[in-house]
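Data from run27.tsv: TSV, C-alpha atoms
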chain	number	residue	atom	x	y	z
A	1	MET	CA	-18.16	94.47	46.88
A	2	LYS	CA	-16.39	94.06	43.58
A	3	ARG	CA	-13.39	92.40	45.30
A	4	ILE	CA	-15.64	89.98	47.20
A	5	PHE	CA	-17.44	89.06	43.97
A	6	GLU	CA	-14.16	88.48	42.19
A	7	GLN	CA	-12.88	86.25	45.02
A	8	SER	CA	-16.13	84.27	44.98
A	9	ASN	CA	-15.88	83.83	41.20
A	10	GLU	CA	-12.30	82.66	41.48
A	11	ARG	CA	-13.29	80.12	44.11
A	12	GLY	CA	-16.12	78.85	41.84
A	13	GLU	CA	-13.82	78.49	38.92
A	14	SER	CA	-11.30	76.66	41.10
A	15	LYS	CA	-13.96	74.24	42.32
A	16	LEU	CA	-15.15	73.68	38.75
A	17	PHE	CA	-11.61	72.95	37.65
A	18	VAL	CA	-11.15	70.48	40.49
A	19	ILE	CA	-14.45	68.81	39.64
A	20	LEU	CA	-13.61	68.61	35.95
A	21	THR	CA	-10.16	67.33	36.73
A	22	GLY	CA	-11.67	64.68	38.99
A	23	VAL	CA	-14.22	63.66	36.38
A	24	PHE	CA	-11.52	63.53	33.70
A	25	GLY	CA	-9.33	61.47	36.01
A	26	VAL	CA	-12.17	59.05	36.71
A	27	LEU	CA	-12.85	58.78	32.99
A	28	MET	CA	-9.18	58.13	32.29
A	29	ILE	CA	-9.09	55.48	34.99
A	30	GLY	CA	-12.27	53.94	33.57
A	31	LEU	CA	-10.88	53.97	30.08
A	32	GLY	CA	-7.64	52.45	31.30
A	33	VAL	CA	-9.50	49.72	33.18
A	34	GLY	CA	-11.70	49.11	30.15
A	35	PHE	CA	-8.74	48.96	27.81
A	36	PHE	CA	-6.90	46.60	30.16
A	37	TRP	CA	-9.99	44.40	30.44
A	38	ALA	CA	-10.45	44.37	26.64
A	39	PHE	CA	-6.75	43.62	26.10
A	40	THR	CA	-6.91	40.82	28.67
A	41	GLN	CA	-10.02	39.36	27.02
A	42	MET	CA	-8.45	39.60	23.58
A	43	ASN	CA	-5.25	37.96	24.82
A	44	ASP	CA	-7.23	35.21	26.54
A	45	TYR	CA	-9.26	34.68	23.37
A	46	ARG	CA	-6.13	34.56	21.23
A	47	THR	CA	-4.53	32.11	23.66
A	48	ASP	CA	-7.70	30.02	23.63
A	49	VAL	CA	-7.87	30.02	19.82
A	50	ASP	CA	-4.18	29.14	19.54
A	51	GLY	CA	-4.72	26.36	22.04
A	52	ARG	CA	-7.72	25.04	20.14
A	53	VAL	CA	-5.84	25.16	16.83
A	54	SER	CA	-2.86	23.39	18.38
A	55	THR	CA	-5.13	20.77	19.91
A	56	ALA	CA	-6.94	20.27	16.61
A	57	VAL	CA	-3.65	19.90	14.72
A	58	GLU	CA	-2.33	17.39	17.22
A	59	ALA	CA	-5.62	15.48	17.10
A	60	ALA	CA	-5.46	15.39	13.28
A	61	LYS	CA	-1.86	14.17	13.39
A	62	THR	CA	-2.78	11.49	15.91
A	63	GLU	CA	-5.77	10.42	13.83
A	64	GLN	CA	-3.69	10.27	10.65
A	65	ARG	CA	-0.94	8.34	12.41
A	66	THR	CA	-3.50	5.90	13.81
A	67	GLU	CA	-5.05	5.43	10.35
A	68	LEU	CA	-1.63	4.77	8.78
A	69	GLU	CA	-0.70	2.33	11.54
A	70	ASN	CA	-4.00	0.50	11.14
A	71	GLU	CA	-3.55	0.37	7.36
A	72	PHE	CA	-0.03	-1.00	7.78
A	73	ASP	CA	-1.20	-3.60	10.31
A	74	GLU	CA	-4.05	-4.63	8.00
A	75	ARG	CA	-1.70	-5.02	5.03
A	76	TYR	CA	0.85	-6.88	7.10
A	77	GLN	CA	-1.78	-9.27	8.42
A	78	ARG	CA	-3.07	-10.10	4.96
A	79	PRO	CA	-2.00	-13.65	4.11
A	80	ASN	CA	-0.94	-12.85	0.54
A	81	VAL	CA	1.25	-10.40	-1.33
A	82	VAL	CA	1.32	-9.57	-5.04
A	83	PHE	CA	4.17	-10.67	-7.29
A	84	THR	CA	4.70	-8.82	-10.58
A	85	GLY	CA	7.04	-10.04	-13.30
A	86	PRO	CA	8.86	-7.80	-15.79
A	87	ALA	CA	6.84	-5.97	-18.43
A	88	ASN	CA	8.85	-7.39	-21.33
A	89	PHE	CA	7.76	-10.88	-20.26
A	90	GLY	CA	4.06	-10.12	-20.05
A	91	SER	CA	3.82	-8.48	-16.59
A	92	VAL	CA	2.76	-11.73	-14.96
A	93	THR	CA	1.02	-11.03	-11.64
A	94	PHE	CA	-0.46	-13.23	-8.93
A	95	GLU	CA	-0.86	-13.39	-5.17
A	96	HIS	CA	1.24	-15.77	-3.10
A	97	PRO	CA	1.60	-16.41	0.66
A	98	ARG	CA	3.42	-13.64	2.50
A	99	THR	CA	5.70	-16.18	4.17
A	100	TRP	CA	7.14	-17.30	0.83
A	101	SER	CA	10.49	-15.97	-0.33
A	102	VAL	CA	11.28	-15.42	-4.00
A	103	TYR	CA	14.53	-15.77	-5.89
A	104	VAL	CA	14.82	-14.61	-9.50
A	105	GLU	CA	17.42	-16.83	-11.14
A	106	ASN	CA	17.07	-15.35	-14.61
A	107	ASP	CA	15.67	-11.86	-15.19
A	108	GLY	CA	15.65	-12.31	-18.96
A	109	GLN	CA	18.10	-9.51	-19.67
A	110	ASP	CA	20.26	-11.82	-21.76
A	111	GLY	CA	17.24	-12.91	-23.83
A	112	SER	CA	17.28	-16.47	-22.50
A	113	GLY	CA	13.91	-16.33	-20.74
A	114	TYR	CA	12.70	-15.63	-17.23
A	115	ALA	CA	12.76	-17.85	-14.13
A	116	ALA	CA	11.70	-17.18	-10.52
A	117	TYR	CA	11.51	-19.62	-7.59
A	118	PHE	CA	9.28	-19.39	-4.51
A	119	ASN	CA	9.45	-21.29	-1.24
A	120	PRO	CA	8.33	-20.85	2.38
A	121	GLY	CA	11.03	-19.25	4.52
A	122	PHE	CA	13.93	-19.39	2.07
A	123	VAL	CA	14.58	-20.65	-1.44
A	124	PRO	CA	16.92	-23.67	-1.56
A	125	ARG	CA	19.77	-23.81	-4.05
A	126	ILE	CA	18.58	-23.98	-7.63
A	127	ASP	CA	18.63	-27.53	-8.92
A	128	GLU	CA	16.30	-29.32	-11.31
A	129	ASP	CA	15.76	-32.13	-8.81
A	130	THR	CA	14.98	-29.83	-5.87
A	131	PRO	CA	11.24	-29.37	-5.29
A	132	TYR	CA	9.96	-25.82	-4.80
A	133	ALA	CA	6.60	-24.51	-3.67
A	134	LEU	CA	6.33	-22.55	-6.91
A	135	ARG	CA	8.31	-21.95	-10.08
A	136	VAL	CA	7.49	-19.34	-12.71
A	137	GLU	CA	9.14	-19.47	-16.11
A	138	VAL	CA	8.74	-17.67	-19.41
A	139	ILE	CA	10.37	-20.08	-21.87
A	140	ASN	CA	11.71	-19.12	-25.28
A	141	SER	CA	9.77	-21.82	-27.07
A	142	SER	CA	6.22	-21.88	-28.38
A	143	PHE	CA	3.26	-23.07	-26.37
A	144	LYS	CA	2.61	-25.73	-28.99
A	145	ASP	CA	6.15	-27.14	-28.65
A	146	ARG	CA	5.95	-27.29	-24.84
A	147	GLU	CA	2.53	-28.89	-24.92
A	148	GLU	CA	3.74	-31.53	-27.37
A	149	PHE	CA	6.80	-32.16	-25.17
A	150	TYR	CA	4.62	-33.04	-22.17
A	151	ARG	CA	2.11	-35.02	-24.22
A	152	GLY	CA	5.10	-36.99	-25.50
A	153	MET	CA	6.09	-37.72	-21.89
A	154	ILE	CA	2.55	-38.98	-21.20
A	155	GLU	CA	2.64	-41.21	-24.31
A	156	ASN	CA	5.96	-42.61	-23.10
A	157	GLY	CA	4.46	-43.66	-19.79
A	158	ALA	CA	4.91	-40.62	-17.53
A	159	LYS	CA	2.39	-40.58	-14.68
A	160	LEU	CA	0.88	-37.29	-15.79
A	161	THR	CA	-2.60	-36.19	-16.75
A	162	ALA	CA	-3.27	-33.26	-19.09
A	163	THR	CA	-6.44	-31.17	-18.99
A	164	THR	CA	-7.48	-27.85	-20.45
A	165	VAL	CA	-7.52	-24.86	-18.10
A	166	ARG	CA	-9.06	-21.41	-18.31
A	167	LEU	CA	-8.31	-18.46	-16.08
A	168	ALA	CA	-11.20	-16.61	-14.49
A	169	ASP	CA	-10.73	-13.68	-16.90
A	170	ALA	CA	-9.93	-15.78	-19.98
A	171	SER	CA	-10.69	-14.02	-23.25
A	172	THR	CA	-13.97	-14.80	-24.97
A	173	ASP	CA	-12.47	-13.84	-28.31
A	174	PRO	CA	-11.99	-17.07	-30.33
A	175	ALA	CA	-8.86	-15.57	-31.90
A	176	SER	CA	-7.26	-14.83	-28.52
A	177	ALA	CA	-5.33	-17.43	-26.53
A	178	TYR	CA	-5.32	-15.33	-23.33
A	179	GLY	CA	-6.19	-17.36	-20.25
A	180	LYS	CA	-6.55	-20.62	-22.18
A	181	GLY	CA	-3.96	-23.27	-21.51
A	182	VAL	CA	-3.06	-26.78	-20.41
A	183	ARG	CA	-2.76	-28.17	-16.90
A	184	LEU	CA	-0.56	-31.11	-15.99
A	185	ASP	CA	-0.84	-33.08	-12.74
A	186	GLY	CA	1.32	-35.91	-11.47
A	187	GLN	CA	4.92	-37.14	-11.49
A	188	PHE	CA	7.21	-34.96	-13.58
A	189	ARG	CA	10.43	-36.50	-12.30
A	190	GLU	CA	11.42	-38.76	-9.46
A	191	THR	CA	11.54	-35.91	-6.94
A	192	ILE	CA	8.96	-33.65	-8.61
A	193	ASN	CA	5.33	-34.59	-8.03
A	194	GLY	CA	2.88	-31.73	-8.30
A	195	ALA	CA	1.14	-29.67	-10.97
A	196	ALA	CA	1.86	-27.20	-13.76
A	197	VAL	CA	0.01	-24.88	-16.12
A	198	LEU	CA	1.13	-23.67	-19.55
A	199	PHE	CA	-0.08	-20.59	-21.41
A	200	ASP	CA	0.82	-18.94	-24.71
A	201	ILE	CA	2.39	-15.56	-23.96
A	202	ARG	CA	3.67	-13.46	-26.88
A	203	GLY	CA	4.96	-16.45	-28.83
A	204	ARG	CA	6.65	-17.87	-25.73
A	205	THR	CA	5.37	-20.21	-23.05
A	206	LEU	CA	4.38	-19.10	-19.57
A	207	ALA	CA	4.87	-22.12	-17.31
A	208	ILE	CA	3.98	-22.16	-13.62
A	209	TYR	CA	4.75	-25.23	-11.50
A	210	THR	CA	4.38	-26.52	-7.98
A	211	ASP	CA	6.71	-29.42	-7.23
A	212	LYS	CA	5.00	-31.02	-4.23
A	213	GLN	CA	1.49	-32.32	-3.70
A	214	ASN	CA	1.18	-30.51	-0.36
A	215	TYR	CA	1.46	-27.18	-2.21
A	216	VAL	CA	-1.25	-27.94	-4.78
A	217	SER	CA	-3.96	-26.25	-2.72
A	218	GLU	CA	-1.93	-23.02	-2.58
A	219	PHE	CA	-1.13	-23.47	-6.27
A	220	ASN	CA	-4.85	-23.55	-7.08
A	221	ASN	CA	-5.39	-20.35	-5.09
A	222	ILE	CA	-2.54	-18.66	-6.95
A	223	LEU	CA	-4.10	-19.58	-10.29
A	224	LYS	CA	-7.30	-17.78	-9.22
A	225	THR	CA	-5.34	-14.53	-9.06
A	226	LEU	CA	-3.07	-15.07	-12.07
A	227	LYS	CA	-3.03	-12.39	-14.78
A	228	TYR	CA	-0.68	-11.50	-17.59
A	229	ASN	CA	-0.50	-9.39	-20.73
A	230	ASP	CA	-0.63	-11.42	-23.91
Mind turning the file's structure into structure tokens?
Amino acid sequence: MKRIFEQSNERGESKLFVILTGVFGVLMIGLGVGFFWAFTQMNDYRTDVDGRVSTAVEAAKTEQRTELENEFDERYQRPNVVFTGPANFGSVTFEHPRTWSVYVENDGQDGSGYAAYFNPGFVPRIDEDTPYALRVEVINSSFKDREEFYRGMIENGAKLTATTVRLADASTDPASAYGKGVRLDGQFRETINGAAVLFDIRGRTLAIYTDKQNYVSEFNNILKTLKYND
């Protein structure tokens, strides 16, 4: 009887071991499947996040590029551009048509004054009898002397008219000459028929001319944007 009982106990223990082994195996398989599923989900999530980040970055780049292109197109389509003269000659600024070219004949480095010429397309050779759309000069003579020079021309029969002119931002200070000047209209020379304005700028004379009547309208628009440091 003892031997039979021992054999029965051994068989029970063997069955229990098999059962436990099976359960453990199932658990291991379950854990493996669960781990694989979790890893797959995590990898898919990471891939999805990376994809979203990449898409967002590309979208931002595209948006920025589009904004820059639109800004460039807008600036290019604007009819006017800003001209700025050298600081030592009053930093004269104004807007002129984009299609006008500019040639600086004298940059003032030698102390003889400043002179720039503007014309649609290209600037012709520099000659006192050649008409230009616009001329800008800072002359090494006083405003009073230049004004008297032109008034002398008028007294001697030149077909010119002289009127006072004030820029839009002219100083209200009675002691300041900023923005207050003289305008001349008419025939300056045989080939020069247009308009000019003169301003006092740091003891010199700022003179801006247009040499043809068909540029007077643009000249008037330029004067609306004219600024300088006195």
Check: For Val138 (chain A), which residue among A:Gly194, A:Gly121, A:Gly113, A:Gly157 is the nearest when counting all atoms listed in the file?
Finding: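 Ranked by minimum distance to Val138 (chain A), first place goes to A:Gly113.
With distances taken over all atoms listed in the file, A:Glu218 is the one residue among A:Ala87, A:Glu67, A:Glu218, A:Glu148 lying closest to Pro120 (chain A).
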Notebook entry, point to check: In Å, with one decimal, what is the gap from CA of Leu184 (chain A) to CA of Gln109 (chain A)?
Noted result: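 Result for CA of Leu184 (chain A) versus CA of Gln109 (chain A): 28.8 Å, one decimal.
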Next item on the list: May I ask for the distance between CA of Tyr150 (chain A) and CA of Gly203 (chain A), given in Å to one decimal place?
Entry: 17.9 Å
Next item on the list: Find, counting only C-alpha atoms, the residue in A:Ser142, A:Thr161, A:Ser217, A:Thr84 that gets nearest to Thr205 (chain A).
Entry: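 Of A:Ser142, A:Thr161, A:Ser217, A:Thr84, the one nearest Thr205 (chain A) is A:Ser142, counting only C-alpha atoms.
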Check: What would the list of residues within 7 Å of (8.9, -25.5, -0.9) (file frame) look like as an NGL selection string, if only C-alpha atoms are what count?
Finding: :A and (119-120 or 131-133)
Checklist line | For CA of Ala195 (chain A) and CA of Phe219 (chain A), the interatomic separation in Å (one decimal) | finding: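 One can read the CA of Ala195 (chain A) to CA of Phe219 (chain A) distance as 8.1 Å.
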Next item on the list: Name the closest residue to Phe149 (chain A) among the candidates A:Leu198, A:Val136, A:Phe118, A:Pro97; distances are taken between atoms, counting all atoms listed in the file.
Entry: A:Leu198
